[in-house]
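Dumped entry_4.cif below, it's mmCIF, C-alpha atoms:
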data_input
#
loop_
_atom_site.label_atom_id
_atom_site.label_comp_id
_atom_site.auth_asym_id
_atom_site.auth_seq_id
_atom_site.Cartn_x
_atom_site.Cartn_y
_atom_site.Cartn_z
CA MET A 71 62.74 -2.30 121.30
CA SER A 72 60.23 0.54 121.06
CA LYS A 73 60.71 3.39 118.59
CA GLU A 74 64.35 4.43 118.54
CA VAL A 75 65.05 7.98 119.69
CA LEU A 76 68.84 7.89 119.73
CA ARG A 77 71.49 5.83 117.96
CA LEU A 78 75.24 6.16 118.23
CA GLU A 79 77.24 4.25 115.66
CA ASN A 80 80.93 3.59 116.33
CA VAL A 81 81.43 7.06 117.81
CA VAL A 82 85.00 8.24 118.36
CA ALA A 83 85.47 11.55 120.20
CA GLY A 84 88.01 13.33 122.34
CA TYR A 85 89.96 16.48 123.04
CA GLU A 86 92.98 17.80 121.14
CA ASP A 87 94.88 14.64 120.14
CA LYS A 88 93.47 12.29 122.79
CA ALA A 89 90.57 9.97 121.99
CA VAL A 90 88.35 9.64 125.05
CA VAL A 91 85.49 7.69 123.43
CA ARG A 92 86.81 4.96 121.15
CA GLY A 93 84.20 3.40 118.92
CA VAL A 94 81.06 3.24 121.06
CA SER A 95 77.71 2.17 119.62
CA LEU A 96 74.49 2.59 121.59
CA SER A 97 70.78 2.83 120.91
CA VAL A 98 68.00 4.16 123.14
CA GLY A 99 64.32 3.41 122.61
CA GLU A 100 61.35 5.62 123.40
CA GLY A 101 60.93 5.78 127.17
CA GLU A 102 63.95 3.56 127.79
CA LYS A 103 66.22 4.22 130.78
CA VAL A 104 69.89 3.55 130.02
CA VAL A 105 72.42 3.81 132.83
CA ILE A 106 76.09 4.29 131.98
CA MET A 107 78.65 3.42 134.65
CA GLY A 108 82.39 3.04 134.81
CA PRO A 109 85.50 4.36 136.54
CA SER A 110 86.58 7.99 136.26
CA GLY A 111 88.11 8.80 132.90
CA SER A 112 86.29 6.03 131.06
CA GLY A 113 84.58 8.44 128.64
CA LYS A 114 81.06 8.49 130.07
CA SER A 115 80.57 12.26 130.19
CA THR A 116 82.22 12.77 126.82
CA LEU A 117 79.86 10.18 125.32
CA LEU A 118 76.83 12.11 126.61
CA LYS A 119 78.17 15.36 125.20
CA ALA A 120 78.94 13.69 121.86
CA ALA A 121 75.31 12.51 121.69
CA ILE A 122 74.18 16.11 121.12
CA LEU A 123 77.46 17.27 119.55
CA LEU A 124 78.55 19.44 122.46
CA VAL A 125 81.71 17.46 121.74
CA LYS A 126 81.90 16.84 118.00
CA PRO A 127 82.67 13.20 117.16
CA TRP A 128 85.81 12.61 115.15
CA SER A 129 84.09 9.75 113.38
CA GLY A 130 80.91 7.67 113.59
CA ARG A 131 77.29 8.76 113.45
CA VAL A 132 74.79 10.24 115.90
CA VAL A 133 71.13 9.83 114.92
CA LEU A 134 68.55 11.65 117.05
CA ASP A 135 64.86 11.14 116.33
CA GLY A 136 65.71 9.91 112.82
CA GLU A 137 68.06 12.79 111.97
CA ASP A 138 71.80 12.30 111.45
CA LEU A 139 73.31 15.08 113.57
CA THR A 140 76.77 14.31 112.22
CA SER A 141 75.76 14.85 108.59
CA GLY A 142 76.38 18.59 108.71
CA ARG A 143 72.91 19.20 107.28
CA VAL A 144 70.94 19.46 110.52
CA ASP A 145 70.11 22.59 112.50
CA LEU A 146 71.75 21.55 115.78
CA ARG A 147 69.94 24.18 117.85
CA ARG A 148 66.59 22.85 116.66
CA ALA A 149 67.66 19.24 117.21
CA ARG A 150 69.01 19.91 120.70
CA ALA A 151 65.68 21.50 121.60
CA LYS A 152 64.28 17.95 121.59
CA THR A 153 66.61 17.00 124.43
CA GLY A 154 67.25 17.95 128.03
CA PHE A 155 70.69 17.91 129.65
CA VAL A 156 71.45 18.03 133.37
CA PHE A 157 75.12 18.53 134.19
CA GLN A 158 77.09 17.80 137.36
CA SER A 159 77.04 21.52 138.17
CA TYR A 160 73.74 23.34 138.07
CA ASN A 161 74.65 25.98 135.45
CA LEU A 162 71.99 28.40 136.70
CA PHE A 163 72.29 32.14 136.14
CA PRO A 164 72.83 33.57 139.67
CA HIS A 165 71.48 37.02 138.75
CA MET A 166 68.15 35.61 137.52
CA LYS A 167 65.26 34.29 139.57
CA VAL A 168 64.55 30.57 139.49
CA ILE A 169 61.51 30.94 137.26
CA ASP A 170 63.45 33.06 134.78
CA ASN A 171 66.27 30.51 134.63
CA ILE A 172 63.69 28.05 133.33
CA ALA A 173 61.68 30.46 131.19
CA LEU A 174 64.62 31.94 129.28
CA PRO A 175 65.48 28.81 127.22
CA LEU A 176 61.80 28.39 126.40
CA ARG A 177 61.73 31.87 124.93
CA LEU A 178 65.07 31.68 123.13
CA VAL A 179 64.89 28.12 121.82
CA LYS A 180 61.19 27.29 121.64
CA GLY A 181 59.87 30.77 120.81
CA TYR A 182 57.47 31.02 123.77
CA SER A 183 56.08 34.39 124.72
CA ARG A 184 57.21 35.79 128.08
CA GLU A 185 53.94 34.86 129.83
CA ALA A 186 53.68 31.42 128.23
CA ALA A 187 57.28 30.68 129.20
CA ARG A 188 56.64 31.65 132.81
CA ARG A 189 53.53 29.45 132.96
CA LYS A 190 55.46 26.52 131.53
CA ALA A 191 58.35 27.17 133.94
CA LEU A 192 56.00 27.14 136.91
CA GLU A 193 54.50 23.83 135.74
CA ALA A 194 58.02 22.36 135.59
CA LEU A 195 58.81 23.63 139.08
CA LYS A 196 55.67 21.93 140.37
CA LEU A 197 56.94 18.64 138.92
CA VAL A 198 60.03 18.84 141.15
CA GLY A 199 58.22 20.27 144.18
CA LEU A 200 59.73 23.76 144.02
CA GLU A 201 56.85 25.97 142.87
CA ASP A 202 57.12 27.97 146.12
CA TYR A 203 60.71 28.91 145.25
CA SER A 204 60.00 30.40 141.83
CA GLU A 205 60.82 33.98 142.82
CA LYS A 206 64.01 33.19 144.71
CA TYR A 207 67.52 33.45 143.32
CA PRO A 208 69.68 30.31 142.93
CA LEU A 209 72.07 31.28 145.73
CA GLN A 210 69.11 31.36 148.13
CA LEU A 211 68.60 27.63 147.50
CA SER A 212 70.48 24.58 148.73
CA GLY A 213 72.60 22.61 146.30
CA GLY A 214 69.95 19.94 146.06
CA GLN A 215 67.27 22.50 145.31
CA GLN A 216 69.45 24.10 142.64
CA GLN A 217 69.93 20.74 140.96
CA ARG A 218 66.18 20.14 141.06
CA VAL A 219 65.73 23.52 139.33
CA ALA A 220 68.19 22.33 136.67
CA ILE A 221 66.08 19.18 136.24
CA ALA A 222 62.93 21.31 135.97
CA ARG A 223 64.63 23.44 133.31
CA ALA A 224 65.40 20.31 131.29
CA LEU A 225 61.87 18.93 131.71
CA ALA A 226 60.29 22.23 130.64
CA MET A 227 61.66 21.67 127.14
CA ASP A 228 59.40 18.58 126.78
CA PRO A 229 62.39 16.47 125.72
CA ILE A 230 62.11 13.14 123.94
CA ILE A 231 65.31 12.16 125.75
CA LEU A 232 66.94 13.41 128.93
CA PHE A 233 70.70 13.22 129.51
CA LEU A 234 71.95 13.31 133.10
CA ASP A 235 75.67 13.51 133.79
CA GLU A 236 76.31 12.42 137.39
CA PRO A 237 73.60 14.77 138.68
CA THR A 238 74.27 14.01 142.36
CA SER A 239 78.08 13.91 142.35
CA ALA A 240 78.49 17.45 143.75
CA LEU A 241 75.99 16.96 146.60
CA ASP A 242 76.39 15.81 150.18
CA PRO A 243 74.45 12.66 151.16
CA GLU A 244 71.32 14.40 152.51
CA LEU A 245 70.93 16.63 149.45
CA LYS A 246 71.68 13.69 147.19
CA VAL A 247 68.64 11.86 148.54
CA GLU A 248 66.20 14.62 147.56
CA VAL A 249 67.59 14.81 144.02
CA LEU A 250 67.44 11.03 143.59
CA GLU A 251 63.81 11.07 144.73
CA THR A 252 63.07 13.69 142.08
CA LEU A 253 64.83 11.61 139.43
CA ARG A 254 62.82 8.54 140.42
CA ASP A 255 59.65 10.53 139.79
CA VAL A 256 61.02 11.70 136.44
CA ALA A 257 61.93 8.13 135.47
CA HIS A 258 58.28 7.12 135.80
CA ARG A 259 57.10 9.81 133.35
CA GLY A 260 57.96 7.87 130.22
CA ILE A 261 60.82 10.06 128.99
CA ALA A 262 63.85 8.26 127.58
CA MET A 263 66.84 8.83 129.86
CA VAL A 264 70.56 8.28 129.58
CA VAL A 265 72.07 8.59 133.05
CA VAL A 266 75.72 8.58 134.04
CA THR A 267 75.80 7.73 137.72
CA HIS A 268 77.66 5.85 140.45
CA GLU A 269 74.48 5.50 142.53
CA LEU A 270 74.10 1.73 142.44
CA ASP A 271 70.73 1.46 144.20
CA PHE A 272 69.23 4.15 141.97
CA ALA A 273 70.60 2.43 138.87
CA ARG A 274 69.13 -0.90 139.94
CA GLU A 275 65.75 0.71 140.47
CA ILE A 276 65.35 2.61 137.19
CA ALA A 277 67.59 0.94 134.59
CA ASP A 278 66.15 -0.90 131.61
CA ARG A 279 69.67 -1.32 130.31
CA VAL A 280 73.13 -0.87 131.76
CA VAL A 281 76.33 0.03 129.93
CA ILE A 282 79.70 -0.26 131.68
CA MET A 283 82.63 1.60 130.14
CA GLU A 284 86.37 1.64 130.66
CA ASP A 285 89.10 3.39 128.66
CA GLY A 286 86.60 4.77 126.18
CA VAL A 287 84.96 1.48 125.21
CA VAL A 288 81.99 -0.58 126.39
CA ILE A 289 83.22 -3.57 128.37
CA GLU A 290 79.79 -4.95 129.24
CA GLU A 291 76.16 -4.20 128.37
CA GLY A 292 72.90 -5.81 129.39
CA ASP A 293 69.65 -5.44 131.27
CA ALA A 294 69.48 -4.40 134.92
CA SER A 295 70.44 -7.92 136.07
CA LEU A 296 74.00 -7.02 135.04
CA LEU A 297 74.18 -4.90 138.21
CA TRP A 298 73.75 -8.02 140.33
CA SER A 299 75.65 -10.52 138.20
CA PRO A 300 78.15 -9.00 135.75
CA LYS A 301 79.89 -11.43 133.43
CA THR A 302 83.31 -9.77 133.17
CA GLU A 303 85.83 -9.69 136.00
CA ARG A 304 86.50 -5.96 135.46
CA ALA A 305 82.81 -5.10 135.78
CA ARG A 306 82.55 -7.25 138.91
CA ARG A 307 85.45 -5.40 140.54
CA PHE A 308 84.04 -1.99 139.63
CA LEU A 309 80.54 -2.76 140.92
CA LYS A 310 81.96 -4.18 144.12
CA VAL A 311 83.90 -0.96 144.75
CA ILE A 312 80.94 1.38 144.16
CA GLY A 313 78.68 -0.92 146.17
CA THR A 314 81.07 -0.66 149.12
CA THR A 315 81.31 3.12 148.69
CA SER A 316 77.51 3.45 148.63
CA ALA A 317 77.24 1.44 151.83
CA LEU A 318 79.74 3.78 153.55
CA THR A 319 77.74 6.88 152.59
#
In structure tokens, how does this file's structure come out?
Amino acid sequence: MSKEVLRLENVVAGYEDKAVVRGVSLSVGEGEKVVIMGPSGSGKSTLLKAAILLVKPWSGRVVLDGEDLTSGRVDLRRARAKTGFVFQSYNLFPHMKVIDNIALPLRLVKGYSREAARRKALEALKLVGLEDYSEKYPLQLSGGQQQRVAIARALAMDPIILFLDEPTSALDPELKVEVLETLRDVAHRGIAMVVVTHELDFAREIADRVVIMEDGVVIEEGDASLLWSPKTERARRFLKVIGTTSALT
């Protein structure tokens, strides 16, 4: 594997008294595309959040770019600035223009000046084909366009790794297509990506490695060929279901 950018070691995490992720280990190399799949409630989203301590692991280690985030000795804000995170919902500020939604984190987290942040934000919007929408407000955009703005915001941070948590799940089929096209372009830019998705065709196209989870544990892991020929019966049943669902939509 190329230089390691992320390593999870036996991570256990959850909410209140319920463990949602139960001893998951995972490593991601520089530029590697890792797709995480599994039924609802299997711990996929919680695992992504635990990777940057948005959900604090109960036990185990998270090592990002050589730093142990779980040691208690790392400036988490500085460490998270190396990453980008795209959620299911867009999380844009409705009262701010598109360009300002992207520029604000650059100023607050990266210390950019106002003008430098706006220049960088416009560059990121060009990457997702939305430079002409920079002065609009989020509610003037379609759902697909808003999600592409969220992707641009993540890319503007120049992340070493990009986390995407079911970025098309809230979109209707036509809008989903435009976001997936944007993500395909992003996947070819050499940024490491960890993607939670049920989009089987997209996963087959971009994945270097596939992880299938159920009940908070990894039930199968392998290269992209796993998506055509899983070894476990549970993985076969799951992939058959999402393959049928994809065909219907």
Problem set entry | Closest of A:Asn161, A:Ser295, A:Ser115, A:Ser183 to Ile221 (chain A) - atom-to-atom distances counting all atoms listed in the file |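 For Ile221 (chain A), the nearest of the given residues is A:Asn161.
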For this session: Could you list the residues chosen by the PyMOL selection byres ((chain A and resi 240) around 10) in this structure as a PyMOL selection string?
Result: chain A and resi 158-160+213-214+217+236-239+241-243+245-246
For this session: Write out as a list of chain:residue names which residues come within 12 Å of Gly99 (chain A) when counting all atoms listed in the file, dropping same-chain ones fewer than 4 positions away.
Result: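 So the residues in contact are A:Met71, A:Ser72, A:Lys73, A:Glu74, A:Val75, A:Leu76, A:Arg77, A:Lys103, A:Val104, A:Leu134, A:Asp135, A:Gly136, A:Ile230, A:Ile231, A:Gly260, A:Ile261, A:Ala262, A:Met263, A:Val264, A:Asp278, A:Arg279.
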Problem set entry | Distance in Å - CA of Ser299 (chain A) versus CA of Thr116 (chain A) | 26.7 Å
For this session: Show which residues sit within 8 Å of region 196-202 of chain A, as an MDAnalysis selection string. Count only C-alpha atoms, and ignore same-chain residues fewer than 2 positions away.
Result: chainID A and resid 192:194 204:205 215 218:219 221:222 252
For this session: Using the chain letters and numbering of this document, enumerate as a VMD selection string the residues selected by the PyMOL selection byres ((chain A and resi 187) around 10).
Result: chain A and resid 169 to 170 172 to 178 180 to 186 188 to 193 226
For this session: Excluding region 281-289 of chain A and any residue of its chain fewer than 5 positions from it, enumerate the residues within 12 Å of it, using only C-alpha atoms, and give them as a PyMOL selection string.
Result: chain A and resi 80-84+88-98+103-117+264-268+273+294-297+300-309
For this session: Record the distance separating CA of Leu234 (chain A) and CA of Lys119 (chain A), expressed in Å with one decimal.
Result: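 Distance between the two atoms: 10.3 Å.
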For this session: Run through the PyMOL selection byres ((chain A and resi 147) around 12) on the given coordinates and return the selected residues as a list in words.
Result: Ile122, Leu123, Leu124, Leu139, Val144, Asp145, Leu146, Arg148, Ala149, Arg150, Ala151, Lys152, Thr153, Pro175, Leu178, Val179 and Lys180 of chain A
